[in-house]
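Undergrad: File run.tsv below, TSV, C-alpha atoms:
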chain	number	residue	atom	x	y	z
A	278	MET	CA	45.49	-73.92	21.76
A	279	GLY	CA	46.67	-73.83	25.32
A	280	SER	CA	48.58	-70.60	24.82
A	281	ARG	CA	45.53	-69.00	23.08
A	282	GLU	CA	43.28	-69.97	26.00
A	283	CYS	CA	45.86	-68.52	28.36
A	284	ILE	CA	45.91	-65.21	26.43
A	285	MET	CA	42.07	-65.04	26.43
A	286	HIS	CA	42.01	-65.83	30.14
A	287	SER	CA	44.53	-63.09	30.90
A	288	GLY	CA	42.50	-60.71	28.70
A	289	LYS	CA	39.38	-61.45	30.76
A	290	LEU	CA	41.38	-60.88	33.92
A	291	LEU	CA	42.45	-57.49	32.62
A	292	MET	CA	38.89	-56.59	31.54
A	293	SER	CA	37.28	-57.28	34.92
A	294	PRO	CA	39.24	-54.62	36.90
A	295	ALA	CA	38.65	-52.15	34.06
A	296	LEU	CA	34.89	-52.86	34.23
A	297	ALA	CA	34.92	-52.52	38.01
A	298	ALA	CA	36.77	-49.20	37.71
A	299	LEU	CA	34.20	-47.95	35.20
A	300	ILE	CA	31.28	-48.89	37.49
A	301	LEU	CA	33.01	-47.26	40.46
A	302	SER	CA	33.64	-44.05	38.54
A	303	LEU	CA	29.97	-43.96	37.47
A	304	ALA	CA	28.93	-44.45	41.08
A	305	ILE	CA	31.28	-41.79	42.46
A	306	PHE	CA	30.60	-39.16	39.78
A	307	PRO	CA	27.12	-38.10	41.07
A	308	LEU	CA	28.51	-37.76	44.61
A	309	THR	CA	31.40	-35.55	43.50
A	310	ALA	CA	29.11	-33.52	41.27
A	311	ARG	CA	26.70	-33.00	44.19
A	312	ALA	CA	29.57	-31.95	46.45
A	313	SER	CA	30.69	-29.35	43.91
A	314	THR	CA	27.15	-27.98	43.49
A	315	SER	CA	26.64	-27.75	47.24
A	316	GLN	CA	29.86	-25.72	47.47
A	317	ALA	CA	28.54	-23.43	44.76
A	318	ASN	CA	25.24	-23.08	46.64
A	319	ASN	CA	27.05	-22.18	49.85
A	320	SER	CA	28.99	-19.43	48.08
A	321	THR	CA	25.79	-17.95	46.62
A	322	GLN	CA	23.74	-18.24	49.82
A	323	ASP	CA	25.55	-15.38	51.55
A	324	GLN	CA	25.02	-13.17	48.56
A	325	ASN	CA	21.36	-14.18	48.48
A	326	LYS	CA	20.89	-13.32	52.14
A	327	ASP	CA	22.40	-9.89	51.54
A	328	ASP	CA	20.06	-9.33	48.61
A	329	GLN	CA	17.03	-10.39	50.66
A	330	ASN	CA	18.00	-8.08	53.52
A	331	LYS	CA	18.41	-5.19	51.11
A	332	ALA	CA	15.01	-5.97	49.58
A	333	ALA	CA	13.38	-6.03	53.00
A	334	ASP	CA	15.02	-2.74	53.97
A	335	SER	CA	14.04	-0.99	50.80
A	336	GLY	CA	10.42	-1.02	51.92
A	337	GLN	CA	7.20	-2.59	50.77
A	338	SER	CA	5.59	-0.74	47.92
A	339	ALA	CA	2.24	-1.46	46.27
A	340	SER	CA	2.12	-4.13	43.60
A	341	ALA	CA	-0.25	-2.42	41.18
A	342	ASP	CA	2.24	0.16	39.96
A	343	GLN	CA	5.10	-2.29	39.92
A	344	ALA	CA	3.15	-4.91	38.02
A	345	LYS	CA	2.98	-2.53	35.07
A	346	GLU	CA	6.78	-2.54	34.77
A	347	PRO	CA	8.18	-4.32	31.71
A	348	ALA	CA	9.60	-7.84	31.93
A	349	SER	CA	13.17	-6.53	31.69
A	350	ASP	CA	12.90	-5.36	35.33
A	351	ILE	CA	12.67	-8.91	36.63
A	352	LYS	CA	15.28	-9.43	39.33
A	353	SER	CA	16.67	-12.87	39.87
A	354	ALA	CA	18.17	-14.37	43.01
A	355	PRO	CA	19.29	-17.94	43.72
A	356	THR	CA	17.82	-19.65	46.78
A	357	ASP	CA	18.68	-22.92	48.53
A	358	GLU	CA	17.14	-25.16	45.90
A	359	GLY	CA	15.69	-22.84	43.32
A	360	GLN	CA	15.71	-19.60	41.45
A	361	LEU	CA	13.53	-16.68	42.49
A	362	ALA	CA	12.57	-13.75	40.34
A	363	THR	CA	10.38	-10.76	41.17
A	364	VAL	CA	9.53	-7.58	39.32
A	365	ASN	CA	11.03	-4.71	41.34
A	366	ASN	CA	10.26	-6.50	44.64
A	367	ALA	CA	6.58	-6.71	43.74
A	368	LYS	CA	4.16	-7.52	46.58
A	369	ILE	CA	0.72	-9.11	46.70
A	370	PRO	CA	-1.81	-7.72	49.21
A	371	SER	CA	-2.76	-10.28	51.86
A	372	TYR	CA	-5.90	-12.34	51.25
A	373	SER	CA	-5.86	-11.55	47.56
A	374	LYS	CA	-7.82	-14.03	45.51
A	375	VAL	CA	-5.53	-16.41	43.68
A	376	TYR	CA	-6.43	-18.96	41.03
A	377	VAL	CA	-4.09	-21.91	40.58
A	378	ALA	CA	-4.25	-23.07	36.97
A	379	PRO	CA	-4.17	-26.81	36.27
A	380	ILE	CA	-0.63	-28.17	35.98
A	381	ALA	CA	0.35	-31.51	34.47
A	382	GLY	CA	0.34	-34.29	37.05
A	383	GLY	CA	-2.06	-32.41	39.34
A	384	PHE	CA	0.77	-30.31	40.78
A	385	GLU	CA	-1.69	-27.43	41.37
A	386	ASN	CA	-3.17	-29.43	44.25
A	387	TYR	CA	0.25	-29.71	45.89
A	388	ILE	CA	0.73	-25.94	45.56
A	389	ILE	CA	-2.68	-25.31	47.18
A	390	ALA	CA	-1.84	-27.73	50.00
A	391	GLY	CA	1.56	-26.06	50.36
A	392	LEU	CA	-0.05	-22.61	50.61
A	393	ARG	CA	-2.24	-23.88	53.43
A	394	ASN	CA	0.58	-25.76	55.16
A	395	LYS	CA	2.91	-22.75	55.03
A	396	LYS	CA	0.06	-20.48	56.17
A	397	VAL	CA	0.36	-18.13	53.22
A	398	PRO	CA	-2.27	-15.39	53.67
A	399	LEU	CA	-3.93	-15.81	50.28
A	400	THR	CA	-7.43	-16.89	49.32
A	401	VAL	CA	-7.36	-19.65	46.72
A	402	VAL	CA	-10.38	-19.71	44.42
A	403	ILE	CA	-11.39	-22.31	41.88
A	404	ASP	CA	-13.06	-19.80	39.57
A	405	ARG	CA	-10.58	-17.82	37.46
A	406	SER	CA	-13.05	-14.97	36.89
A	407	LYS	CA	-13.15	-14.26	40.65
A	408	ALA	CA	-9.37	-14.11	41.02
A	409	ASP	CA	-6.94	-11.18	41.12
A	410	TYR	CA	-3.85	-13.26	40.44
A	411	GLU	CA	-3.10	-16.51	38.66
A	412	ILE	CA	-0.46	-19.10	39.48
A	413	SER	CA	0.61	-21.25	36.57
A	414	GLY	CA	3.58	-23.46	35.89
A	415	VAL	CA	5.08	-26.81	35.04
A	416	SER	CA	6.42	-29.70	37.06
A	417	ASP	CA	8.43	-32.82	36.40
A	418	SER	CA	9.13	-35.85	38.52
A	419	GLU	CA	11.90	-38.40	37.98
A	420	LYS	CA	11.65	-41.64	39.90
A	421	ALA	CA	14.73	-43.34	41.31
A	422	GLY	CA	16.20	-45.92	38.94
A	423	TRP	CA	17.89	-49.20	39.84
A	424	ALA	CA	21.36	-47.62	39.58
A	425	LYS	CA	20.44	-44.92	42.11
A	426	MET	CA	19.06	-47.56	44.46
A	427	LEU	CA	22.14	-49.78	44.04
A	428	PHE	CA	24.94	-47.21	44.23
A	429	ILE	CA	23.47	-44.47	46.40
A	430	GLY	CA	20.90	-46.56	48.26
A	431	SER	CA	18.24	-43.90	47.73
A	432	GLN	CA	14.72	-44.47	46.46
A	433	ASN	CA	13.77	-40.78	46.56
A	434	SER	CA	12.69	-39.03	43.40
A	435	ASN	CA	14.11	-35.93	41.76
A	436	GLU	CA	11.55	-33.15	41.54
A	437	GLN	CA	11.55	-29.97	39.57
A	438	ALA	CA	8.92	-27.33	39.12
A	439	SER	CA	8.61	-23.79	37.89
A	440	ILE	CA	5.77	-21.39	38.62
A	441	LYS	CA	4.86	-17.82	37.82
A	442	ILE	CA	2.29	-15.43	39.24
A	443	SER	CA	0.56	-13.03	36.91
A	444	ASP	CA	-1.73	-10.11	37.69
A	445	LEU	CA	-4.97	-10.89	35.88
A	446	LYS	CA	-5.92	-7.20	35.57
A	447	THR	CA	-2.71	-5.99	33.98
A	448	GLY	CA	-1.52	-9.30	32.57
A	449	ALA	CA	1.98	-8.69	33.93
A	450	VAL	CA	4.06	-11.49	35.41
A	451	ILE	CA	5.10	-10.25	38.84
A	452	PHE	CA	6.79	-13.32	40.33
A	453	GLY	CA	8.61	-16.39	39.14
A	454	TYR	CA	10.21	-19.27	40.98
A	455	SER	CA	11.74	-22.55	39.99
A	456	VAL	CA	12.74	-25.39	42.28
A	457	HIS	CA	14.88	-28.46	41.75
A	458	LYS	CA	15.11	-31.07	44.48
A	459	THR	CA	17.50	-33.97	44.19
A	460	ASN	CA	16.41	-36.88	46.41
A	461	SER	CA	13.12	-35.28	47.44
A	462	VAL	CA	12.02	-37.14	50.57
A	463	ARG	CA	8.38	-36.08	50.17
A	464	GLY	CA	8.24	-35.97	46.39
A	465	LYS	CA	5.85	-33.42	44.89
A	466	GLN	CA	4.74	-32.35	48.35
A	467	SER	CA	8.23	-30.94	49.02
A	468	ALA	CA	8.32	-29.08	45.71
A	469	GLY	CA	4.81	-27.66	46.29
A	470	GLU	CA	5.75	-26.46	49.76
A	471	ALA	CA	8.97	-24.87	48.46
A	472	CYS	CA	6.91	-22.90	45.95
A	473	ALA	CA	4.45	-21.84	48.68
A	474	LYS	CA	7.26	-20.80	51.03
A	475	HIS	CA	8.70	-18.47	48.42
A	476	ILE	CA	5.30	-17.09	47.42
A	477	ARG	CA	4.86	-16.07	51.05
A	478	LYS	CA	7.87	-13.77	50.76
A	479	ILE	CA	6.02	-11.49	48.35
A	480	VAL	CA	2.69	-11.43	50.22
A	481	LEU	CA	2.13	-8.38	52.43
A	482	ASP	CA	1.04	-9.27	55.98
B	33	MET	CA	-26.94	29.35	62.08
B	34	SER	CA	-26.95	26.46	64.49
B	35	ASN	CA	-29.25	24.48	62.18
B	36	LYS	CA	-26.88	25.08	59.27
B	37	ARG	CA	-23.93	23.92	61.38
B	38	ASN	CA	-25.83	20.76	62.38
B	39	VAL	CA	-26.68	19.98	58.76
B	40	ALA	CA	-23.06	20.57	57.71
B	41	SER	CA	-21.72	18.31	60.46
B	42	ILE	CA	-24.21	15.56	59.58
B	43	LEU	CA	-23.20	15.81	55.93
B	44	ALA	CA	-19.50	15.62	56.86
B	45	LEU	CA	-20.15	12.55	59.00
B	46	LEU	CA	-22.04	10.92	56.14
B	47	VAL	CA	-19.17	11.58	53.73
B	48	VAL	CA	-16.67	10.09	56.21
B	49	ALA	CA	-18.90	7.02	56.70
B	50	VAL	CA	-19.30	6.47	52.94
B	51	VAL	CA	-15.54	6.82	52.30
B	52	SER	CA	-14.62	4.50	55.17
B	53	THR	CA	-17.07	1.80	54.03
B	54	ALA	CA	-15.75	2.06	50.47
B	55	LEU	CA	-12.17	1.65	51.69
B	56	ALA	CA	-13.16	-1.28	53.87
B	57	GLY	CA	-14.76	-2.93	50.86
B	58	ASP	CA	-11.56	-2.64	48.82
B	59	LYS	CA	-9.44	-4.37	51.46
B	60	ASN	CA	-9.33	-8.15	51.18
B	61	ALA	CA	-10.81	-9.85	54.21
B	62	PRO	CA	-9.60	-13.25	55.41
B	63	PRO	CA	-11.97	-16.00	54.26
B	64	SER	CA	-14.12	-17.86	56.76
B	65	GLN	CA	-12.36	-21.20	56.46
B	66	LYS	CA	-14.81	-23.41	58.25
B	67	ILE	CA	-16.50	-26.61	57.18
B	68	PRO	CA	-19.61	-27.03	59.34
B	69	LYS	CA	-20.39	-30.50	60.64
B	70	GLY	CA	-22.93	-32.33	58.51
B	71	SER	CA	-22.07	-30.35	55.36
B	72	LYS	CA	-22.96	-31.92	52.05
B	73	VAL	CA	-19.77	-32.83	50.20
B	74	PHE	CA	-19.30	-33.96	46.64
B	75	VAL	CA	-16.17	-35.95	45.82
B	76	ALA	CA	-15.16	-35.20	42.24
B	77	PRO	CA	-13.83	-38.04	40.08
B	78	MET	CA	-10.08	-38.47	40.34
B	79	GLU	CA	-7.44	-40.34	38.40
B	80	GLY	CA	-7.26	-44.05	39.10
B	81	GLY	CA	-10.57	-44.05	40.97
B	82	TYR	CA	-9.01	-42.39	44.00
B	83	ASP	CA	-12.37	-40.74	44.77
B	84	THR	CA	-13.75	-44.19	45.67
B	85	TYR	CA	-10.94	-44.77	48.18
B	86	LEU	CA	-11.56	-41.32	49.59
B	87	LYS	CA	-15.30	-41.94	50.03
B	88	ASP	CA	-14.57	-45.23	51.81
B	89	ALA	CA	-12.00	-43.55	54.04
B	90	ILE	CA	-14.40	-40.71	54.93
B	91	ALA	CA	-16.96	-43.30	55.98
B	92	LYS	CA	-14.40	-45.43	57.85
B	93	LYS	CA	-12.87	-42.52	59.76
B	94	LYS	CA	-16.35	-41.19	60.57
B	95	VAL	CA	-15.72	-37.73	59.15
B	96	PRO	CA	-18.79	-35.63	60.11
B	97	VAL	CA	-19.87	-34.79	56.56
B	98	GLU	CA	-22.56	-36.13	54.24
B	99	ILE	CA	-21.37	-37.47	50.89
B	100	VAL	CA	-23.70	-36.64	48.00
B	101	ALA	CA	-23.66	-38.09	44.49
B	102	SER	CA	-24.47	-34.86	42.67
B	103	ARG	CA	-22.47	-31.62	42.68
B	104	ASP	CA	-25.70	-29.58	42.54
B	105	GLN	CA	-26.77	-30.90	45.95
B	106	ALA	CA	-23.43	-30.21	47.60
B	107	ASP	CA	-22.09	-27.29	49.65
B	108	TYR	CA	-18.46	-28.33	49.27
B	109	GLU	CA	-16.46	-30.16	46.66
B	110	ILE	CA	-13.38	-32.32	47.14
B	111	THR	CA	-10.99	-32.33	44.20
B	112	GLY	CA	-7.52	-33.73	43.99
B	113	THR	CA	-4.98	-35.94	42.40
B	114	SER	CA	-3.15	-39.11	43.32
B	115	GLU	CA	-0.22	-41.09	42.03
B	116	SER	CA	0.72	-44.64	42.84
B	117	GLN	CA	3.96	-46.37	41.93
B	118	LYS	CA	4.29	-50.07	42.51
B	119	ALA	CA	7.60	-51.36	43.86
B	120	SER	CA	10.00	-52.07	41.01
B	121	THR	CA	12.10	-55.21	40.79
B	122	ALA	CA	15.16	-53.18	41.82
B	123	LYS	CA	13.34	-51.90	44.90
B	124	LYS	CA	12.32	-55.43	45.82
B	125	ILE	CA	15.79	-56.94	45.32
B	126	ILE	CA	18.07	-54.11	46.46
B	127	LEU	CA	15.99	-52.51	49.19
B	128	GLY	CA	13.86	-55.54	50.07
B	129	ASN	CA	10.73	-53.41	49.96
B	130	TRP	CA	7.50	-54.62	48.35
B	131	HIS	CA	5.37	-51.64	49.28
B	132	SER	CA	4.17	-49.04	46.81
B	133	ARG	CA	4.93	-45.33	46.78
B	134	GLU	CA	1.82	-43.21	47.23
B	135	GLU	CA	1.27	-39.52	46.68
B	136	ALA	CA	-2.00	-37.65	46.90
B	137	SER	CA	-3.22	-34.12	47.33
B	138	ILE	CA	-6.79	-32.97	47.89
B	139	SER	CA	-8.53	-29.65	48.38
B	140	VAL	CA	-11.99	-28.82	49.70
B	141	SER	CA	-13.67	-25.82	48.09
B	142	ASN	CA	-16.86	-23.98	48.88
B	143	ILE	CA	-19.05	-24.31	45.79
B	144	LYS	CA	-20.94	-21.05	46.38
B	145	SER	CA	-17.98	-18.79	47.07
B	146	SER	CA	-15.48	-20.78	44.94
B	147	GLU	CA	-12.95	-20.47	47.77
B	148	VAL	CA	-10.66	-23.31	48.75
B	149	VAL	CA	-11.24	-23.79	52.48
B	150	TRP	CA	-8.95	-26.71	53.21
B	151	ALA	CA	-6.16	-28.61	51.48
B	152	TYR	CA	-3.86	-31.47	52.33
B	153	SER	CA	-1.16	-33.51	50.64
B	154	VAL	CA	0.28	-36.85	51.66
B	155	HIS	CA	3.39	-38.76	50.61
B	156	GLU	CA	4.09	-42.33	51.66
B	157	GLU	CA	7.35	-43.83	50.45
B	158	ALA	CA	6.39	-47.40	51.40
B	159	SER	CA	2.65	-47.60	51.82
B	160	THR	CA	1.55	-50.86	53.40
B	161	HIS	CA	-2.02	-50.63	52.13
B	162	GLY	CA	-1.43	-48.57	48.99
B	163	LYS	CA	-4.05	-46.00	48.05
B	164	LYS	CA	-6.18	-47.00	51.02
B	165	SER	CA	-3.51	-45.69	53.42
B	166	SER	CA	-3.14	-42.34	51.70
B	167	ALA	CA	-6.92	-41.87	51.42
B	168	GLU	CA	-7.33	-42.62	55.13
B	169	ALA	CA	-4.60	-40.10	55.94
B	170	CYS	CA	-6.54	-37.46	53.98
B	171	ALA	CA	-9.81	-38.39	55.72
B	172	LYS	CA	-8.20	-38.36	59.16
B	173	HIS	CA	-6.81	-34.87	58.67
B	174	LEU	CA	-10.10	-33.64	57.22
B	175	LYS	CA	-11.88	-34.94	60.31
B	176	ASP	CA	-9.38	-33.13	62.55
B	177	ALA	CA	-9.88	-29.93	60.56
B	178	ILE	CA	-13.67	-30.08	60.95
B	179	GLU	CA	-13.69	-31.02	64.61
B	180	ASN	CA	-10.92	-28.65	65.75
B	181	GLN	CA	-12.10	-25.44	64.12
I need this file expressed as C-alpha cells, please.

TA:
Amino acid sequence: MGSRECIMHSGKLLMSPALAALILSLAIFPLTARASTSQANNSTQDQNKDDQNKAADSGQSASADQAKEPASDIKSAPTDEGQLATVNNAKIPSYSKVYVAPIAGGFENYIIAGLRNKKVPLTVVIDRSKADYEISGVSDSEKAGWAKMLFIGSQNSNEQASIKISDLKTGAVIFGYSVHKTNSVRGKQSAGEACAKHIRKIVLD
Amino acid sequence: MSNKRNVASILALLVVAVVSTALAGDKNAPPSQKIPKGSKVFVAPMEGGYDTYLKDAIAKKKVPVEIVASRDQADYEITGTSESQKASTAKKIILGNWHSREEASISVSNIKSSEVVWAYSVHEEASTHGKKSSAEACAKHLKDAIENQ
C-alpha cells in the first residue's frame, strides 16, 4: 500500500509541472501570435504607403463614372488594423448626403459619431430616400474573458466591423473597409472612428 | 443696331445667370449644423431605457433645450444606442474592479431636413455611476455644442 501511495504521489508531482507548462504555453501563445502579426503588419505598411501615394498622385476623378465599373475592379489594400477596398480610387463629392443603415448592436450610431469626430465632410441623413450614398455593414464585439484578464491583465474587448458604401443611384458598391481591433481601449467607439477615418480618404474636399 | 446689341447682351447675361444658378444647385452645400437654444427635442426610446437617463441628464446639466413627449411637436430628435456590461466575477477578483463598462452613442437629427446635426459616442471602462455617467457625458457635450456654436 505504501509503495502504491508513493507511486501515486510521484505521479501527481509529475502532473503538476506538466499542467503548469500547459497553462504557461496557453498564456504565451497569444503574445507570440500577436508579435508575429505585428511583424507582418510592419512589412505590409510600407507597401500600403506606396500604394496610397500612387493613388493620391494619380489624381482625383469623378465618382459617377467609376461607380459604374464592375465589382472585379475593386482594389484592396491593407491598413494598420483593417482592409480597405475601393473601386478604381472612387471618390465621393464633399457634403454628399449619406444614409447609415441600421447595423446590429447600434453600430450605425458609432459610425455617425465617428464621422463627426473625424470631421468627415459628409451630410448624414436619416431618410434613405434623400440620400445619395448608403453605408451598411456588420459589427461584432467580443468581451474580455477571465483568461485574458488573468494572463494578459487586459479587460479590453476585441472589436471587428466591416462596412461598405454603395451609390444609391447606380447601385454600385464603391468602397469597402473592414477593421479588427484586438484590445480596443474604446470599444465600438474606436472601430466606428476607424471606419470614419478611412471613409474620409475617399471624400473630395 | 444698338438696340439689337443690347437685347443680345441681356439675353447672354440671362443664359449665364441661369447656367450658373443651375450649377450652384447641383453642388452640395455644407449643412447648417446648429441647434438653436430652446429647441424642442424629442428623445426616442432606446434599449434598456437609456432615453430616461438621457432626459434626466439633460435636465441635470441644464442643456438649453425643451424636451417634448411627442415627435410631432419636436424640431429635433435624439436617437441612439447604449450597452452596459456589469463587472464579471473575474473582473472583481482579478482586477479588483466592481464598476460596469458603459458604451453609448447618440445623434441629434433635424426632423424637417432629416439631417444629422450632431453626434457623440462615449466609452467608460469602469463607470462609477453606470448609465447615469454615460448619459451625463452625452448631455454635457450636447450643452457645449449648443452653447459654443

Undergrad: Pick the closest to Val154 (chain B) from A:Thr400, A:Ser467, A:Ser371, A:Ser461: which is it, counting all atoms listed in the file?

TA: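 Of all the options, A:Ser467 lies closest to Val154 (chain B).
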
Undergrad: Could you list, as a ChimeraX atom specification, the residues of chain A having an atom within 8 Å of chain B when counting all atoms listed in the file?

TA: /A:370-373,382-383,386-387,389-391,393-394,398,400-404,422-423,426-427,430,432,463-466

Undergrad: Point out the residue among B:Ala177, B:Ala158, B:Ala76, B:Val140 with the least atom-to-atom distance to Val95 (chain B), counting all atoms listed in the file.

TA: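 Ranking B:Ala177, B:Ala158, B:Ala76, B:Val140 by distance to Val95 (chain B), first place goes to B:Ala177.
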
Undergrad: Just give me the gap between CA of Glu436 (chain A) and CA of Lys458 (chain A) in Å, one decimal is fine.

TA: 5.1 Å

Undergrad: Nearest to Ala408 (chain A) among A:Ile476, A:Val375, A:Ile429, A:Ala449, with distances taken over all atoms listed in the file: which residue is it?

TA: A:Val375

Undergrad: Could you tell me how far CA of His475 (chain A) sits from CA of Gly453 (chain A), in Å to one decimal place?

TA: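 Rounded to one decimal, the two atoms are 9.5 Å apart.
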
Undergrad: Could you please determine the separation between CA of Ala421 (chain A) and CA of Ser434 (chain A) in Å, to one decimal place?

TA: 5.2 Å

Undergrad: Calculated over only C-alpha atoms, which of the candidates B:Asp107, B:Pro96, B:Lys66, B:His131 has the smallest distance to Ser165 (chain B)?

TA: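 Going through B:Asp107, B:Pro96, B:Lys66, B:His131 one by one, the smallest distance to Ser165 (chain B) is for B:His131.
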
Undergrad: Using all atoms listed in the file, which of the listed residues (A:Leu399, A:Gly448, A:Pro379, A:Asn460) sits closest to Lys425 (chain A)?

TA: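 When distances to Lys425 (chain A) are compared using all atoms listed in the file, the smallest one comes from A:Asn460.
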
Undergrad: Smallest atom-to-atom distance to Lys69 (chain B): which of B:Tyr85, B:Ser159, B:Asn38, B:Glu98, using only C-alpha atoms?

TA: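 Of B:Tyr85, B:Ser159, B:Asn38, B:Glu98, the one nearest Lys69 (chain B) is B:Glu98, counting only C-alpha atoms.
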
Undergrad: So that I can see what lies close to Lys172 (chain B), please list as JSON, numbers by chain the residues with an atom at most 10 Å from it, counting only C-alpha atoms and leaving out residues fewer than 4 positions away in the same chain.

TA: {"B": [89, 90, 92, 93, 94, 95, 166, 167, 168, 176, 177]}

Undergrad: Would you place a box with edges along x, y and z of the file around all atoms of region 119-124 of chain B listed there, add 4 Å to each of its six sides, and report the centre and edge lengths in Å to one decimal, as AutoDock Vina command-line options?

TA:
--center_x 11.4 --center_y -53.4 --center_z 43.3 --size_x 15.6 --size_y 12.1 --size_z 13.0
